[in-house]
$ cat input_23.cif   # mmCIF, C-alpha atoms and all ligand atoms; chains and numbers go by the auth columns
data_target
#
loop_
_atom_site.group_PDB
_atom_site.id
_atom_site.type_symbol
_atom_site.label_atom_id
_atom_site.label_comp_id
_atom_site.label_asym_id
_atom_site.label_seq_id
_atom_site.Cartn_x
_atom_site.Cartn_y
_atom_site.Cartn_z
_atom_site.B_iso_or_equiv
_atom_site.auth_seq_id
_atom_site.auth_asym_id
ATOM 1 C CA MET A 1 5.326 13.321 6.154 0.00 1235 A
ATOM 2 C CA LYS A 2 2.075 11.339 6.407 0.00 1236 A
ATOM 3 C CA ILE A 3 0.876 12.736 9.765 0.00 1237 A
ATOM 4 C CA PRO A 4 -2.762 13.889 9.503 0.00 1238 A
ATOM 5 C CA GLY A 5 -3.861 17.337 10.639 0.00 1239 A
ATOM 6 C CA PRO A 6 -5.943 16.209 13.661 0.00 1240 A
ATOM 7 C CA VAL A 7 -2.817 14.525 15.143 0.00 1241 A
ATOM 8 C CA TYR A 8 -0.979 17.879 15.031 0.00 1242 A
ATOM 9 C CA LEU A 9 -4.012 19.544 16.607 0.00 1243 A
ATOM 10 C CA ILE A 10 -4.157 17.014 19.465 0.00 1244 A
ATOM 11 C CA LEU A 11 -0.364 17.146 20.025 0.00 1245 A
ATOM 12 C CA GLY A 12 -0.476 20.946 20.010 0.00 1246 A
ATOM 13 C CA LEU A 13 -3.311 21.014 22.528 0.00 1247 A
ATOM 14 C CA ILE A 14 -1.491 18.535 24.819 0.00 1248 A
ATOM 15 C CA VAL A 15 1.871 20.361 24.628 0.00 1249 A
ATOM 16 C CA THR A 16 0.401 23.845 25.112 0.00 1250 A
ATOM 17 C CA GLY A 17 -2.002 22.650 27.815 0.00 1251 A
ATOM 18 C CA LEU A 18 0.689 20.763 29.765 0.00 1252 A
ATOM 19 C CA SER A 19 3.264 23.577 29.500 0.00 1253 A
ATOM 20 C CA TRP A 20 0.664 26.146 30.571 0.00 1254 A
ATOM 21 C CA PHE A 21 -0.440 23.885 33.461 0.00 1255 A
ATOM 22 C CA ILE A 22 3.137 23.181 34.656 0.00 1256 A
ATOM 23 C CA ASP A 23 4.046 26.859 34.196 0.00 1257 A
ATOM 24 C CA SER A 24 1.165 27.964 36.425 0.00 1258 A
ATOM 25 C CA LYS A 25 1.940 25.358 39.123 0.00 1259 A
ATOM 26 C CA THR A 26 5.734 25.707 39.322 0.00 1260 A
ATOM 27 C CA GLU A 27 8.273 28.536 39.225 0.00 1261 A
ATOM 28 C CA SER A 28 10.142 27.135 36.199 0.00 1262 A
ATOM 29 C CA SER A 29 9.207 28.452 32.768 0.00 1263 A
ATOM 30 C CA PHE A 30 7.932 26.193 29.987 0.00 1264 A
ATOM 31 C CA ALA A 31 7.488 29.040 27.504 0.00 1265 A
ATOM 32 C CA LEU A 32 9.526 27.173 24.840 0.00 1266 A
ATOM 33 C CA PHE A 33 7.193 24.144 24.994 0.00 1267 A
ATOM 34 C CA PHE A 34 4.212 26.479 24.923 0.00 1268 A
ATOM 35 C CA TYR A 35 5.423 27.993 21.628 0.00 1269 A
ATOM 36 C CA ILE A 36 6.244 24.532 20.198 0.00 1270 A
ATOM 37 C CA GLY A 37 2.665 23.529 21.036 0.00 1271 A
ATOM 38 C CA LEU A 38 1.375 26.660 19.300 0.00 1272 A
ATOM 39 C CA VAL A 39 3.418 25.723 16.184 0.00 1273 A
ATOM 40 C CA PHE A 40 1.894 22.216 16.239 0.00 1274 A
ATOM 41 C CA LEU A 41 -1.569 23.748 16.590 0.00 1275 A
ATOM 42 C CA ALA A 42 -0.910 26.055 13.629 0.00 1276 A
ATOM 43 C CA VAL A 43 0.349 23.144 11.472 0.00 1277 A
ATOM 44 C CA GLY A 44 -2.659 21.059 12.501 0.00 1278 A
ATOM 45 C CA VAL A 45 -5.104 23.834 11.580 0.00 1279 A
ATOM 46 C CA PHE A 46 -3.266 24.400 8.272 0.00 1280 A
ATOM 47 C CA LYS A 47 -3.259 20.685 7.366 0.00 1281 A
ATOM 48 C CA THR A 48 -6.939 20.294 8.282 0.00 1282 A
ATOM 49 C CA ILE A 49 -7.905 23.305 6.140 0.00 1283 A
ATOM 50 C CA VAL A 50 -5.793 22.031 3.202 0.00 1284 A
ATOM 51 C CA LYS A 51 -7.433 18.596 3.428 0.00 1285 A
ATOM 52 C CA ILE A 52 -10.908 20.163 3.393 0.00 1286 A
ATOM 53 C CA ILE A 53 -10.080 22.387 0.379 0.00 1287 A
ATOM 54 C CA ILE A 54 -8.138 19.707 -1.608 0.00 1288 A
ATOM 55 C CA PRO A 55 -9.651 16.292 -0.721 0.00 1289 A
ATOM 56 C CA LYS A 56 -7.772 13.022 -1.442 0.00 1290 A
ATOM 57 C CA GLN A 57 -5.355 14.321 -4.085 0.00 1291 A
ATOM 58 C CA ASP A 58 -2.324 12.380 -2.800 0.00 1292 A
ATOM 59 C CA GLU A 59 -4.003 8.956 -2.676 0.00 1293 A
ATOM 60 C CA GLN A 60 -4.340 8.289 -6.440 0.00 1294 A
ATOM 61 C CA PRO A 61 -0.619 7.657 -7.254 0.00 1295 A
ATOM 62 C CA PHE A 62 -0.322 5.185 -4.361 0.00 1296 A
ATOM 63 C CA ALA A 63 -3.364 3.211 -5.537 0.00 1297 A
ATOM 64 C CA GLN A 64 -1.937 2.705 -9.054 0.00 1298 A
ATOM 65 C CA LYS A 65 1.450 1.298 -7.970 0.00 1299 A
ATOM 66 C CA PRO A 66 0.317 -2.167 -6.714 0.00 1300 A
ATOM 67 C CA GLN A 67 -1.508 -2.878 -9.995 0.00 1301 A
ATOM 68 C CA GLN A 68 1.693 -2.346 -12.021 0.00 1302 A
ATOM 69 C CA GLN A 69 3.638 -4.721 -9.760 0.00 1303 A
ATOM 70 C CA THR A 70 1.088 -7.551 -10.102 0.00 1304 A
ATOM 71 C CA GLN A 71 1.077 -7.207 -13.910 0.00 1305 A
ATOM 72 C CA GLN A 72 4.866 -7.683 -14.006 0.00 1306 A
ATOM 73 C CA LYS A 73 4.603 -10.838 -11.878 0.00 1307 A
ATOM 74 C CA ILE A 74 1.961 -12.367 -14.172 0.00 1308 A
ATOM 75 C CA GLN A 75 4.143 -11.732 -17.252 0.00 1309 A
ATOM 76 C CA GLN A 76 7.127 -13.485 -15.651 0.00 1310 A
ATOM 77 C CA GLN A 77 5.274 -16.686 -14.730 0.00 1311 A
ATOM 78 C CA PRO A 78 4.750 -18.329 -18.208 0.00 1312 A
ATOM 79 C CA GLN A 79 8.535 -18.423 -18.854 0.00 1313 A
ATOM 80 C CA GLN A 80 8.994 -20.981 -16.065 0.00 1314 A
ATOM 81 C CA ASN A 81 6.716 -23.581 -17.758 0.00 1315 A
ATOM 82 C CA ASN A 82 8.831 -24.019 -20.951 0.00 1316 A
ATOM 83 C CA ASN A 83 9.993 -27.550 -20.014 0.00 1317 A
ATOM 84 C CA SER A 84 6.496 -29.082 -20.140 0.00 1318 A
ATOM 85 C CA ASN A 85 6.126 -29.393 -23.939 0.00 1319 A
ATOM 86 C CA LEU A 86 5.035 -33.025 -23.531 0.00 1320 A
ATOM 87 C CA LYS A 87 1.903 -34.479 -21.938 0.00 1321 A
ATOM 88 C CA TYR A 88 0.513 -37.956 -21.430 0.00 1322 A
ATOM 89 C CA CYS A 89 -2.624 -39.483 -22.892 0.00 1323 A
ATOM 90 C CA PRO A 90 -5.210 -39.835 -20.099 0.00 1324 A
ATOM 91 C CA ARG A 91 -6.373 -43.240 -21.475 0.00 1325 A
ATOM 92 C CA CYS A 92 -3.251 -45.212 -22.574 0.00 1326 A
ATOM 93 C CA ARG A 93 -0.520 -43.136 -20.867 0.00 1327 A
ATOM 94 C CA VAL A 94 1.462 -42.695 -24.104 0.00 1328 A
ATOM 95 C CA GLN A 95 3.634 -39.563 -24.242 0.00 1329 A
ATOM 96 C CA VAL A 96 2.131 -37.199 -26.836 0.00 1330 A
ATOM 97 C CA SER A 97 3.017 -33.685 -28.031 0.00 1331 A
ATOM 98 C CA LEU A 98 0.998 -30.690 -26.814 0.00 1332 A
ATOM 99 C CA SER A 99 0.334 -29.713 -30.449 0.00 1333 A
ATOM 100 C CA ASN A 100 -1.619 -32.939 -31.103 0.00 1334 A
ATOM 101 C CA ASN A 101 -5.399 -32.803 -30.629 0.00 1335 A
ATOM 102 C CA PHE A 102 -5.747 -36.617 -30.553 0.00 1336 A
ATOM 103 C CA CYS A 103 -3.605 -39.420 -29.165 0.00 1337 A
ATOM 104 C CA TYR A 104 -1.707 -41.199 -32.029 0.00 1338 A
ATOM 105 C CA ASN A 105 -1.960 -44.518 -30.192 0.00 1339 A
ATOM 106 C CA CYS A 106 -5.620 -44.819 -29.139 0.00 1340 A
ATOM 107 C CA GLY A 107 -7.269 -41.788 -30.747 0.00 1341 A
ATOM 108 C CA THR A 108 -8.524 -40.239 -27.492 0.00 1342 A
ATOM 109 C CA ARG A 109 -9.291 -36.515 -27.732 0.00 1343 A
ATOM 110 C CA LEU A 110 -6.602 -34.650 -25.755 0.00 1344 A
ATOM 111 C CA ARG A 111 -8.265 -31.172 -25.636 0.00 1345 A
HETATM 112 ZN ZN ZN B . -3.894 -42.735 -26.007 0.00 1401 A
#
$ encode --input "input_23.cif" --output "structure tokens" --more "lines below"
Ligand SMILES: [Zn+2]
Amino acid sequence: MKIPGPVYLILGLIVTGLSWFIDSKTESSFALFFYIGLVFLAVGVFKTIVKIIIPKQDEQPFAQKPQQQTQQKIQQQPQQNNNSNLKYCPRCRVQVSLSNNFCYNCGTRLR
């Protein structure tokens, strides 16, 4: 349940206010809605008090989860590039190994 306390307070005020208003205008009884509204008000007051006493305790675990997911994605990416063990000399276009620092054909520095 991620409904904040003020929402319960507003809902409780609306439900109790409407049921009291309809009850006073008509013959039919809305006592049940009035008590439901009182329950919402009580929950809203309770949640607001809890949030004031214990501020932002639930938000830390949610903030750490996205960082773990991005780290897993970064670790998976290098495995896809295993086929490119060869590169081409930028000067003479000869195929050279990645382990070579210089081109064997023209001597151009490769890295
Ligand atoms: Zn070369």
$ residues_near_ligand --input "input_23.cif" --ligand "ligand ZN 1401 (chain A)" --cutoff "9 Å" --atoms "only C-alpha atoms and all ligand atoms" --output "compact mmCIF listing (two decimals) with C-alpha atoms, in the frame of the given file"
# COMPACT_ATOMS: atom_id res chain seq x y z
CA TYR A 1322 0.51 -37.96 -21.43
CA CYS A 1323 -2.62 -39.48 -22.89
CA PRO A 1324 -5.21 -39.84 -20.10
CA ARG A 1325 -6.37 -43.24 -21.48
CA CYS A 1326 -3.25 -45.21 -22.57
CA ARG A 1327 -0.52 -43.14 -20.87
CA VAL A 1328 1.46 -42.70 -24.10
CA GLN A 1329 3.63 -39.56 -24.24
CA VAL A 1330 2.13 -37.20 -26.84
CA PHE A 1336 -5.75 -36.62 -30.55
CA CYS A 1337 -3.60 -39.42 -29.16
CA TYR A 1338 -1.71 -41.20 -32.03
CA ASN A 1339 -1.96 -44.52 -30.19
CA CYS A 1340 -5.62 -44.82 -29.14
CA GLY A 1341 -7.27 -41.79 -30.75
CA THR A 1342 -8.52 -40.24 -27.49
CA ARG A 1343 -9.29 -36.52 -27.73
CA LEU A 1344 -6.60 -34.65 -25.76
$ atom_distance --input "input_23.cif" --atom1 "CA of Phe1274 (chain A)" --atom2 "CA of Thr1250 (chain A)"
9.1 Å
$ residues_around --input "input_23.cif" --residues "Gly1251 (chain A)" --least-positions-apart "5" --cutoff "12 Å" --atoms "all atoms listed in the file" --output "PDB file with C-alpha atoms, keeping the file's coordinate frame"
ATOM      1  CA  LEU A1243      -4.012  19.544  16.607  1.00  0.00           C
ATOM      2  CA  ILE A1244      -4.157  17.014  19.465  1.00  0.00           C
ATOM      3  CA  LEU A1245      -0.364  17.146  20.025  1.00  0.00           C
ATOM      4  CA  GLY A1246      -0.476  20.946  20.010  1.00  0.00           C
ATOM      5  CA  ILE A1256       3.137  23.181  34.656  1.00  0.00           C
ATOM      6  CA  ASP A1257       4.046  26.859  34.196  1.00  0.00           C
ATOM      7  CA  SER A1258       1.165  27.964  36.425  1.00  0.00           C
ATOM      8  CA  PHE A1264       7.932  26.193  29.987  1.00  0.00           C
ATOM      9  CA  ALA A1265       7.488  29.040  27.504  1.00  0.00           C
ATOM     10  CA  PHE A1267       7.193  24.144  24.994  1.00  0.00           C
ATOM     11  CA  PHE A1268       4.212  26.479  24.923  1.00  0.00           C
ATOM     12  CA  TYR A1269       5.423  27.993  21.628  1.00  0.00           C
ATOM     13  CA  ILE A1270       6.244  24.532  20.198  1.00  0.00           C
ATOM     14  CA  GLY A1271       2.665  23.529  21.036  1.00  0.00           C
ATOM     15  CA  LEU A1272       1.375  26.660  19.300  1.00  0.00           C
ATOM     16  CA  LEU A1275      -1.569  23.748  16.590  1.00  0.00           C
TER      17      LEU A1275
END
$ atom_distance --input "input_23.cif" --atom1 "CA of Ser1262 (chain A)" --atom2 "CA of Leu1247 (chain A)"
20.1 Å
$ atom_distance --input "input_23.cif" --atom1 "CA of Gly1239 (chain A)" --atom2 "CA of Val1273 (chain A)"
12.4 Å
$ closest_residue --input "input_23.cif" --among "A:Phe1280, A:Lys1321, A:Asn1334, A:Val1249" --to "Leu1266 (chain A)" --atoms "all atoms listed in the file"
A:Val1249
$ axis_aligned_box --input "input_23.cif" --around "region 1261-1277 of chain A" --padding-each-side "4 Å" --output "AutoDock Vina command-line options"
--center_x 4.3 --center_y 25.6 --center_z 25.3 --size_x 19.7 --size_y 14.8 --size_z 35.8
